[in-house]
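Next comes query_35.cif, a file with mmCIF, C-alpha atoms.
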data_work
loop_
_atom_site.label_atom_id
_atom_site.label_comp_id
_atom_site.auth_asym_id
_atom_site.auth_seq_id
_atom_site.Cartn_x
_atom_site.Cartn_y
_atom_site.Cartn_z
CA MET A 4 109.09 95.12 85.91
CA LEU A 5 107.57 91.77 86.91
CA ARG A 6 110.26 91.46 89.55
CA ASP A 7 109.27 94.89 90.91
CA PHE A 8 105.61 93.88 91.02
CA ALA A 9 106.53 90.68 92.87
CA GLU A 10 108.56 92.63 95.43
CA LEU A 11 105.74 95.13 95.92
CA TRP A 12 103.37 92.24 96.57
CA ARG A 13 105.73 90.85 99.23
CA TYR A 14 105.49 94.21 101.01
CA ARG A 15 101.68 94.33 100.84
CA GLU A 16 101.43 94.30 104.65
CA LEU A 17 103.54 97.47 104.79
CA VAL A 18 101.16 99.10 102.29
CA LEU A 19 98.19 98.05 104.44
CA ASN A 20 99.80 99.40 107.62
CA LEU A 21 100.58 102.74 105.96
CA VAL A 22 97.00 103.01 104.71
CA ILE A 23 95.59 102.29 108.17
CA ARG A 24 98.00 104.77 109.75
CA ASP A 25 97.06 107.48 107.26
CA ILE A 26 93.34 107.01 107.93
CA LYS A 27 93.86 107.03 111.71
CA VAL A 28 96.07 110.14 111.62
CA ARG A 29 93.65 111.96 109.33
CA TYR A 30 90.73 111.50 111.71
CA LYS A 31 92.60 111.60 115.01
CA ASN A 32 90.61 113.51 117.66
CA SER A 33 87.86 114.14 115.11
CA VAL A 34 84.25 113.64 116.19
CA LEU A 35 82.76 113.40 112.69
CA GLY A 36 85.67 111.37 111.28
CA PHE A 37 85.14 110.30 107.66
CA PHE A 38 82.34 112.83 107.12
CA TRP A 39 84.87 115.67 107.12
CA SER A 40 86.19 114.22 103.86
CA LEU A 41 82.72 114.57 102.40
CA LEU A 42 82.02 118.04 103.72
CA ASN A 43 84.23 119.93 101.26
CA PRO A 44 82.92 118.24 98.06
CA LEU A 45 79.33 118.43 99.32
CA LEU A 46 79.59 122.15 100.01
CA GLN A 47 81.15 122.73 96.59
CA VAL A 48 78.47 120.67 94.87
CA ALA A 49 75.72 122.51 96.76
CA THR A 50 77.19 125.89 95.79
CA ILE A 51 77.67 124.94 92.14
CA THR A 52 74.15 123.50 92.00
CA VAL A 53 72.61 126.72 93.33
CA VAL A 54 74.62 128.85 90.88
CA PHE A 55 73.99 126.73 87.79
CA LYS A 56 70.44 125.55 88.41
CA PHE A 57 68.84 128.54 90.07
CA ILE A 58 70.92 131.48 88.86
CA MET A 59 72.14 130.35 85.43
CA ASN A 60 68.90 128.38 84.95
CA VAL A 61 70.40 125.06 83.81
CA LYS A 62 67.36 122.91 83.09
CA ILE A 63 68.75 119.45 83.89
CA PRO A 64 66.62 117.33 86.25
CA ASN A 65 68.46 116.25 89.43
CA TYR A 66 71.48 118.32 88.43
CA SER A 67 73.12 117.73 91.82
CA ALA A 68 73.19 113.97 91.14
CA TYR A 69 74.89 114.50 87.75
CA LEU A 70 77.35 116.82 89.42
CA LEU A 71 78.16 114.48 92.32
CA SER A 72 78.56 111.46 90.03
CA ALA A 73 81.61 113.13 88.47
CA PHE A 74 82.71 115.31 91.40
CA LEU A 75 83.37 112.38 93.76
CA PRO A 76 85.69 110.56 91.29
CA TRP A 77 87.39 113.90 90.59
CA THR A 78 87.99 114.46 94.31
CA PHE A 79 89.63 111.04 94.56
CA PHE A 80 91.85 111.83 91.58
CA GLN A 81 92.76 115.33 92.80
CA MET A 82 93.53 114.39 96.40
CA SER A 83 95.56 111.35 95.35
CA LEU A 84 97.82 113.43 93.13
CA LEU A 85 98.26 116.24 95.65
CA ASP A 86 98.98 113.86 98.53
CA SER A 87 101.28 111.57 96.53
CA SER A 88 103.38 114.52 95.35
CA MET A 89 104.79 114.75 98.89
CA SER A 90 104.75 111.03 99.69
CA ILE A 91 108.52 110.48 99.31
CA LEU A 92 109.66 113.70 100.96
CA MET A 93 107.32 113.21 103.92
CA HIS A 94 108.92 109.83 104.63
CA GLY A 95 112.50 111.01 104.10
CA ASP A 96 113.84 109.38 107.29
CA LEU A 97 112.24 106.06 106.38
CA VAL A 98 113.65 106.23 102.85
CA LYS A 99 117.17 106.92 104.17
CA LYS A 100 117.26 104.27 106.88
CA THR A 101 115.11 101.35 105.75
CA TYR A 102 115.07 99.08 102.72
CA PHE A 103 111.67 98.63 101.10
CA PRO A 104 110.28 99.17 97.60
CA ARG A 105 109.82 102.94 97.42
CA GLU A 106 106.65 102.63 95.35
CA VAL A 107 104.95 101.48 98.55
CA LEU A 108 104.64 105.16 99.55
CA PRO A 109 102.63 106.59 96.62
CA VAL A 110 100.63 103.35 96.38
CA SER A 111 99.57 103.60 100.03
CA ILE A 112 98.55 107.25 99.54
CA VAL A 113 96.39 106.43 96.51
CA ILE A 114 94.79 103.44 98.27
CA SER A 115 94.06 105.57 101.33
CA ASN A 116 92.21 108.09 99.15
CA PHE A 117 90.57 105.22 97.30
CA VAL A 118 89.05 103.97 100.58
CA HIS A 119 87.50 107.40 101.12
CA PHE A 120 86.22 107.38 97.54
CA ILE A 121 84.51 104.01 97.97
CA LEU A 122 82.86 105.15 101.22
CA ALA A 123 81.70 108.36 99.52
CA MET A 124 80.25 106.38 96.61
CA MET A 125 78.32 104.16 99.01
CA LEU A 126 76.69 107.26 100.47
CA PHE A 127 76.05 108.51 96.94
CA PHE A 128 74.08 105.34 96.16
CA VAL A 129 71.92 106.07 99.22
CA TYR A 130 71.41 109.62 97.90
CA LEU A 131 70.32 108.25 94.50
CA LEU A 132 67.78 105.96 96.13
CA VAL A 133 66.43 108.87 98.19
CA LEU A 134 66.00 110.85 94.96
CA GLY A 135 64.02 107.95 93.54
CA THR A 136 66.63 106.96 90.96
CA PRO A 137 65.88 103.43 89.71
CA ILE A 138 68.43 100.69 90.32
CA LEU A 139 70.19 100.21 86.98
CA VAL A 140 71.85 97.10 85.59
CA THR A 141 74.71 99.36 84.45
CA TRP A 142 75.72 99.71 88.11
CA LEU A 143 77.28 96.26 87.74
CA LEU A 144 79.80 97.73 85.27
CA LEU A 145 80.93 100.41 87.70
CA PRO A 146 83.89 98.35 89.08
CA PHE A 147 85.35 98.28 85.57
CA VAL A 148 85.41 102.10 85.43
CA VAL A 149 86.76 102.31 89.00
CA ILE A 150 89.66 100.00 88.11
CA ILE A 151 90.49 102.10 85.05
CA GLN A 152 90.56 105.26 87.16
CA LEU A 153 92.68 103.55 89.82
CA LEU A 154 95.27 102.58 87.19
CA LEU A 155 95.28 106.09 85.72
CA THR A 156 95.63 107.70 89.16
CA LEU A 157 98.43 105.35 90.23
CA GLY A 158 100.32 105.92 86.98
CA ILE A 159 100.24 109.70 87.26
CA SER A 160 101.02 109.50 91.00
CA PHE A 161 104.19 107.53 90.24
CA PHE A 162 105.37 110.28 87.89
CA ILE A 163 104.49 113.12 90.28
CA SER A 164 105.87 111.57 93.48
CA CYS A 165 109.14 110.77 91.72
CA LEU A 166 109.60 114.10 89.94
CA ASN A 167 108.82 116.07 93.10
CA VAL A 168 111.90 114.58 94.74
CA PHE A 169 114.07 116.14 92.03
CA TYR A 170 112.03 119.31 91.45
CA GLU A 171 109.91 120.49 94.39
CA ASP A 172 108.13 122.95 92.11
CA ILE A 173 106.05 119.99 90.94
CA LYS A 174 103.71 120.14 93.94
CA TYR A 175 102.98 123.81 93.26
CA MET A 176 102.52 123.17 89.56
CA MET A 177 100.06 120.39 90.32
CA THR A 178 97.84 122.70 92.39
CA VAL A 179 97.59 125.15 89.50
CA LEU A 180 97.31 122.49 86.80
CA LEU A 181 94.57 120.57 88.58
CA THR A 182 92.48 123.74 88.78
CA VAL A 183 92.80 124.14 85.00
CA VAL A 184 92.03 120.46 84.39
CA PHE A 185 88.93 120.69 86.59
CA TYR A 186 87.36 123.36 84.36
CA CYS A 187 88.47 121.58 81.17
CA THR A 188 86.85 118.30 82.21
CA PRO A 189 83.08 117.61 82.04
CA ILE A 190 82.46 117.76 85.79
CA ILE A 191 80.36 120.86 86.37
CA PHE A 192 78.95 120.59 82.85
CA LEU A 193 77.84 117.76 80.55
CA VAL A 194 79.19 116.91 77.10
CA GLU A 195 75.64 117.23 75.83
CA GLN A 196 75.77 120.93 76.66
CA ILE A 197 78.73 121.26 74.27
CA TYR A 198 77.02 119.21 71.56
CA TYR A 199 73.77 121.20 71.67
CA SER A 200 75.30 124.61 72.40
CA ASP A 201 74.37 127.40 69.99
CA ARG A 202 77.28 129.52 71.26
CA ILE A 203 80.04 127.22 70.02
CA PRO A 204 80.64 127.18 66.26
CA THR A 205 79.67 123.86 64.69
CA ALA A 206 83.17 123.48 63.23
CA TYR A 207 84.64 123.40 66.76
CA GLN A 208 82.03 121.25 68.48
CA GLY A 209 83.29 118.02 66.95
CA PHE A 210 86.89 118.81 67.91
CA ILE A 211 85.94 119.64 71.51
CA LEU A 212 83.90 116.43 71.86
CA LYS A 213 86.80 114.39 70.46
CA PHE A 214 89.08 116.02 73.03
CA PHE A 215 86.74 114.96 75.85
CA TYR A 216 86.25 111.44 74.53
CA LEU A 217 89.96 110.79 73.89
CA ASN A 218 91.06 112.27 77.22
CA PRO A 219 90.92 109.26 79.60
CA LEU A 220 90.04 111.36 82.65
CA SER A 221 87.18 113.13 80.84
CA MET A 222 85.93 109.83 79.43
CA LEU A 223 85.88 108.34 82.91
CA MET A 224 83.82 111.25 84.26
CA ILE A 225 81.37 110.72 81.40
CA ALA A 226 81.27 106.97 82.05
CA TYR A 227 80.45 107.41 85.74
CA ARG A 228 77.44 109.55 84.79
CA LYS A 229 76.20 107.18 82.12
CA LEU A 230 76.49 104.09 84.32
CA LEU A 231 75.15 105.60 87.53
CA LEU A 232 72.24 107.66 86.22
CA PRO A 233 69.42 107.02 83.74
CA PRO A 234 69.42 108.91 80.42
CA PHE A 235 68.00 112.40 80.73
CA ASN A 236 66.01 114.52 78.31
CA ALA A 237 66.17 118.17 79.33
CA VAL A 238 64.81 121.10 77.36
CA GLY A 239 66.81 121.28 74.13
CA ILE A 240 69.30 118.59 75.24
CA THR A 241 69.13 114.84 74.65
CA ASP A 242 71.39 112.29 76.34
CA LEU A 243 74.16 111.15 73.96
CA GLY A 244 74.73 107.82 75.70
CA LEU A 245 78.01 106.13 76.57
CA ARG A 246 80.57 105.72 73.78
CA TRP A 247 81.96 102.25 74.60
CA GLY A 248 84.73 102.42 72.02
CA TYR A 249 86.15 105.56 73.63
CA LEU A 250 85.87 103.94 77.06
CA GLY A 251 87.99 101.07 75.72
CA ILE A 252 90.56 103.60 74.50
CA ALA A 253 90.54 105.20 77.96
CA ALA A 254 91.15 101.78 79.56
CA PHE A 255 94.09 101.07 77.25
CA THR A 256 95.55 104.56 77.72
CA SER A 257 95.23 104.31 81.51
CA LEU A 258 97.03 100.95 81.52
CA ILE A 259 99.87 102.40 79.44
CA ILE A 260 100.15 105.41 81.77
CA PHE A 261 100.22 103.08 84.78
CA LEU A 262 102.97 100.89 83.32
CA ALA A 263 104.99 103.89 82.11
CA GLY A 264 104.67 105.64 85.48
CA TYR A 265 105.69 102.50 87.36
CA ALA A 266 108.69 101.92 85.10
CA PHE A 267 109.78 105.57 85.39
CA PHE A 268 109.45 105.52 89.19
CA ASN A 269 111.49 102.33 89.48
CA SER A 270 114.22 103.73 87.25
CA LYS A 271 114.76 106.61 89.70
CA LYS A 272 113.73 105.30 93.12
CA TRP A 273 117.17 104.31 94.41
CA GLN A 274 118.34 107.89 94.02
CA PHE A 275 115.77 109.17 96.53
CA ALA A 276 117.88 108.51 99.63
CA GLU A 277 120.53 110.95 98.37
CA LEU A 278 118.01 113.75 97.74
CA VAL A 279 115.46 113.70 100.58
#

In structure tokens, what does this structure look like?
Amino acid sequence: MLRDFAELWRYRELVLNLVIRDIKVRYKNSVLGFFWSLLNPLLQVATITVVFKFIMNVKIPNYSAYLLSAFLPWTFFQMSLLDSSMSILMHGDLVKKTYFPREVLPVSIVISNFVHFILAMMLFFVYLLVLGTPILVTWLLLPFVVIIQLLLTLGISFFISCLNVFYEDIKYMMTVLLTVVFYCTPIIFLVEQIYYSDRIPTAYQGFILKFFYLNPLSMLMIAYRKLLLPPFNAVGITDLGLRWGYLGIAAFTSLIIFLAGYAFFNSKKWQFAELV
């Protein structure tokens, strides 16, 4: 595996060129450019905020900020997986005719989406300052969470991009599965709402919270909120704080998924030319 990493590093300029090309192609002949990438999540967040805060009467101050703090990382995760699922098949001619480490393709896709994520987060910080959110020392820990999510996203992307070469149903399965994962991850709701809910039996609340805390993706969404925003105290709900031990488990799990995905991809990558 170290040899594969070393070879990937030697082809870093190819990764950079593919990232630049992807960004240029995405915004070719577009007046608003990058802001089109923000339009979809912003419209969804605005709609969800209206429904939950004004119709369902969710009494959480600055609910849109809590929603965006998880929705932007989710968008990066979702788009990376959907785009990487087709990364090998889209470059079939290149795979057949040119020698290069095949992992360059899903890596460039994830990095391209990562650039959009970083730009979106920079605008989110401006939004927080406009809302009057105080600058928190926990913002300094944000790169740690971002790196964990990048490892997790890369690992899953390796699995998906590889498997989709053998079974093209994967890209369709991912669209359906990601919709399910979205509603099973604390993005449009907070874990505190589960903990203080009077509609969920007490016997199940602990199990559901454990599921969220042990799921690395869910734990990352929780961590973004806890690091970016100050603790809240809404009516009947008190902030539970960040569980650092579970964040450590998420970091370890994400690293394992990354290494396993990379090893799996490399075990199959030289078969791609025969299948694309």

Could you tell me which residues the PyMOL selection byres ((chain A and resi 222) around 12) grabs in this file, written as a PDB file with C-alpha atoms, in the coordinates of the input?
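After the write, out.pdb holds the following:
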ATOM      1  CA  ALA A  73      81.610 113.130  88.470  1.00  0.00           C
ATOM      2  CA  PRO A  76      85.690 110.560  91.290  1.00  0.00           C
ATOM      3  CA  TRP A  77      87.390 113.900  90.590  1.00  0.00           C
ATOM      4  CA  VAL A 148      85.410 102.100  85.430  1.00  0.00           C
ATOM      5  CA  ILE A 151      90.490 102.100  85.050  1.00  0.00           C
ATOM      6  CA  GLN A 152      90.560 105.260  87.160  1.00  0.00           C
ATOM      7  CA  LEU A 155      95.280 106.090  85.720  1.00  0.00           C
ATOM      8  CA  THR A 188      86.850 118.300  82.210  1.00  0.00           C
ATOM      9  CA  PRO A 189      83.080 117.610  82.040  1.00  0.00           C
ATOM     10  CA  ILE A 190      82.460 117.760  85.790  1.00  0.00           C
ATOM     11  CA  LEU A 193      77.840 117.760  80.550  1.00  0.00           C
ATOM     12  CA  VAL A 194      79.190 116.910  77.100  1.00  0.00           C
ATOM     13  CA  LEU A 212      83.900 116.430  71.860  1.00  0.00           C
ATOM     14  CA  LYS A 213      86.800 114.390  70.460  1.00  0.00           C
ATOM     15  CA  PHE A 214      89.080 116.020  73.030  1.00  0.00           C
ATOM     16  CA  PHE A 215      86.740 114.960  75.850  1.00  0.00           C
ATOM     17  CA  TYR A 216      86.250 111.440  74.530  1.00  0.00           C
ATOM     18  CA  LEU A 217      89.960 110.790  73.890  1.00  0.00           C
ATOM     19  CA  ASN A 218      91.060 112.270  77.220  1.00  0.00           C
ATOM     20  CA  PRO A 219      90.920 109.260  79.600  1.00  0.00           C
ATOM     21  CA  LEU A 220      90.040 111.360  82.650  1.00  0.00           C
ATOM     22  CA  SER A 221      87.180 113.130  80.840  1.00  0.00           C
ATOM     23  CA  LEU A 223      85.880 108.340  82.910  1.00  0.00           C
ATOM     24  CA  MET A 224      83.820 111.250  84.260  1.00  0.00           C
ATOM     25  CA  ILE A 225      81.370 110.720  81.400  1.00  0.00           C
ATOM     26  CA  ALA A 226      81.270 106.970  82.050  1.00  0.00           C
ATOM     27  CA  TYR A 227      80.450 107.410  85.740  1.00  0.00           C
ATOM     28  CA  ARG A 228      77.440 109.550  84.790  1.00  0.00           C
ATOM     29  CA  LYS A 229      76.200 107.180  82.120  1.00  0.00           C
ATOM     30  CA  GLY A 244      74.730 107.820  75.700  1.00  0.00           C
ATOM     31  CA  LEU A 245      78.010 106.130  76.570  1.00  0.00           C
ATOM     32  CA  ARG A 246      80.570 105.720  73.780  1.00  0.00           C
ATOM     33  CA  TRP A 247      81.960 102.250  74.600  1.00  0.00           C
ATOM     34  CA  GLY A 248      84.730 102.420  72.020  1.00  0.00           C
ATOM     35  CA  TYR A 249      86.150 105.560  73.630  1.00  0.00           C
ATOM     36  CA  LEU A 250      85.870 103.940  77.060  1.00  0.00           C
ATOM     37  CA  GLY A 251      87.990 101.070  75.720  1.00  0.00           C
ATOM     38  CA  ILE A 252      90.560 103.600  74.500  1.00  0.00           C
ATOM     39  CA  ALA A 253      90.540 105.200  77.960  1.00  0.00           C
ATOM     40  CA  ALA A 254      91.150 101.780  79.560  1.00  0.00           C
ATOM     41  CA  THR A 256      95.550 104.560  77.720  1.00  0.00           C
ATOM     42  CA  SER A 257      95.230 104.310  81.510  1.00  0.00           C
TER      43      SER A 257
END

Padding 3 Å on each side, edges along x, y and z: where is the centre of the box around the listed atoms of region 196-207 of chain A, and how long are its edges in Å to one decimal? Output it as AutoDock Vina command-line options.
--center_x 79.2 --center_y 124.4 --center_z 69.9 --size_x 16.9 --size_y 16.3 --size_z 19.4

Apply the PyMOL selection byres ((chain A and resi 124-127) around 10) to the file shown and report the selected residues as a PyMOL selection string.
chain A and resi 41+68+71-72+75-76+118-123+128-133+231

Expanded to explicit residues, what is the PyMOL selection byres ((chain A and resi 82-89) around 6) for this file, as an mmCIF file with C-alpha atoms, keeping the file's coordinate frame?
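The file below, selection-v5.cif, is the result:
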data_model
loop_
_atom_site.group_PDB
_atom_site.id
_atom_site.type_symbol
_atom_site.label_atom_id
_atom_site.label_comp_id
_atom_site.auth_asym_id
_atom_site.auth_seq_id
_atom_site.Cartn_x
_atom_site.Cartn_y
_atom_site.Cartn_z
ATOM 1 C CA THR A 78 87.990 114.460 94.310
ATOM 2 C CA PHE A 79 89.630 111.040 94.560
ATOM 3 C CA PHE A 80 91.850 111.830 91.580
ATOM 4 C CA GLN A 81 92.760 115.330 92.800
ATOM 5 C CA SER A 90 104.750 111.030 99.690
ATOM 6 C CA ILE A 91 108.520 110.480 99.310
ATOM 7 C CA LEU A 92 109.660 113.700 100.960
ATOM 8 C CA MET A 93 107.320 113.210 103.920
ATOM 9 C CA PRO A 109 102.630 106.590 96.620
ATOM 10 C CA ILE A 112 98.550 107.250 99.540
ATOM 11 C CA VAL A 113 96.390 106.430 96.510
ATOM 12 C CA SER A 160 101.020 109.500 91.000
ATOM 13 C CA ILE A 163 104.490 113.120 90.280
ATOM 14 C CA SER A 164 105.870 111.570 93.480
ATOM 15 C CA LYS A 174 103.710 120.140 93.940
#

Spatial neighbours of Phe8 (chain A), max dist 12 Å, only C-alpha atoms, sep filter under 3 positions, as a PyMOL selection string
chain A and resi 4-5+11-15+104-107+110+262+265-266+269

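Atom pair CA of Thr52 (chain A) / CA of Arg29 (chain A) has a distance of 28.5 Å (rounded to one decimal).
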
Distance criterion (all atoms listed in the file): nearest to Gly95 (chain A) out of A:Leu108, A:Ile259, A:Lys27, A:Glu171:
A:Leu108

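With all atoms listed in the file taken into account, the protein and nucleic acid residues at most 10 Å from Ala276 (chain A) (excluding it and anything under 6 positions from it in its own chain) are Ile91, Leu92, Gly95, Asp96, Leu97, Val98, Lys99, Lys100, Thr101 and Val168 of chain A.
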
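Between Ile260 (chain A) and the residues A:His94, A:Phe103, A:Asn236, A:Gly158, the shortest atom-to-atom distance, using only C-alpha atoms, involves A:Gly158.
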
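Put simply, CA of Asn65 (chain A) is 15.4 Å away from CA of Gln196 (chain A).
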
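If only C-alpha atoms are the atoms counted, then among A:Ala49, A:Gly264, A:Leu230, A:Thr178 the closest residue to Leu143 (chain A) is A:Leu230.
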
Go ahead and compute the interatomic distance for CA of Phe267 (chain A) and CA of Cys165 (chain A), in Å to one decimal.
8.2 Å

Can you tell me, as a ChimeraX atom specification, which residues sit within 6 Å of (66.2, 116.3, 82.0) in the file's frame, using all atoms listed in the file?
/A:63-64,235-237

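The smallest atom-to-atom distance between Asp25 (chain A) and any of A:Asn116, A:Ser67, A:Thr156, A:Gln47, using all atoms listed in the file, is found for A:Asn116.
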
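Those residues that approach Gln208 (chain A) to within 9 Å, counting all atoms listed in the file, are Ile197, Tyr198, Tyr199, Ser200, Ile203 and Lys213 of chain A; same-chain residues fewer than 5 positions away are not listed.
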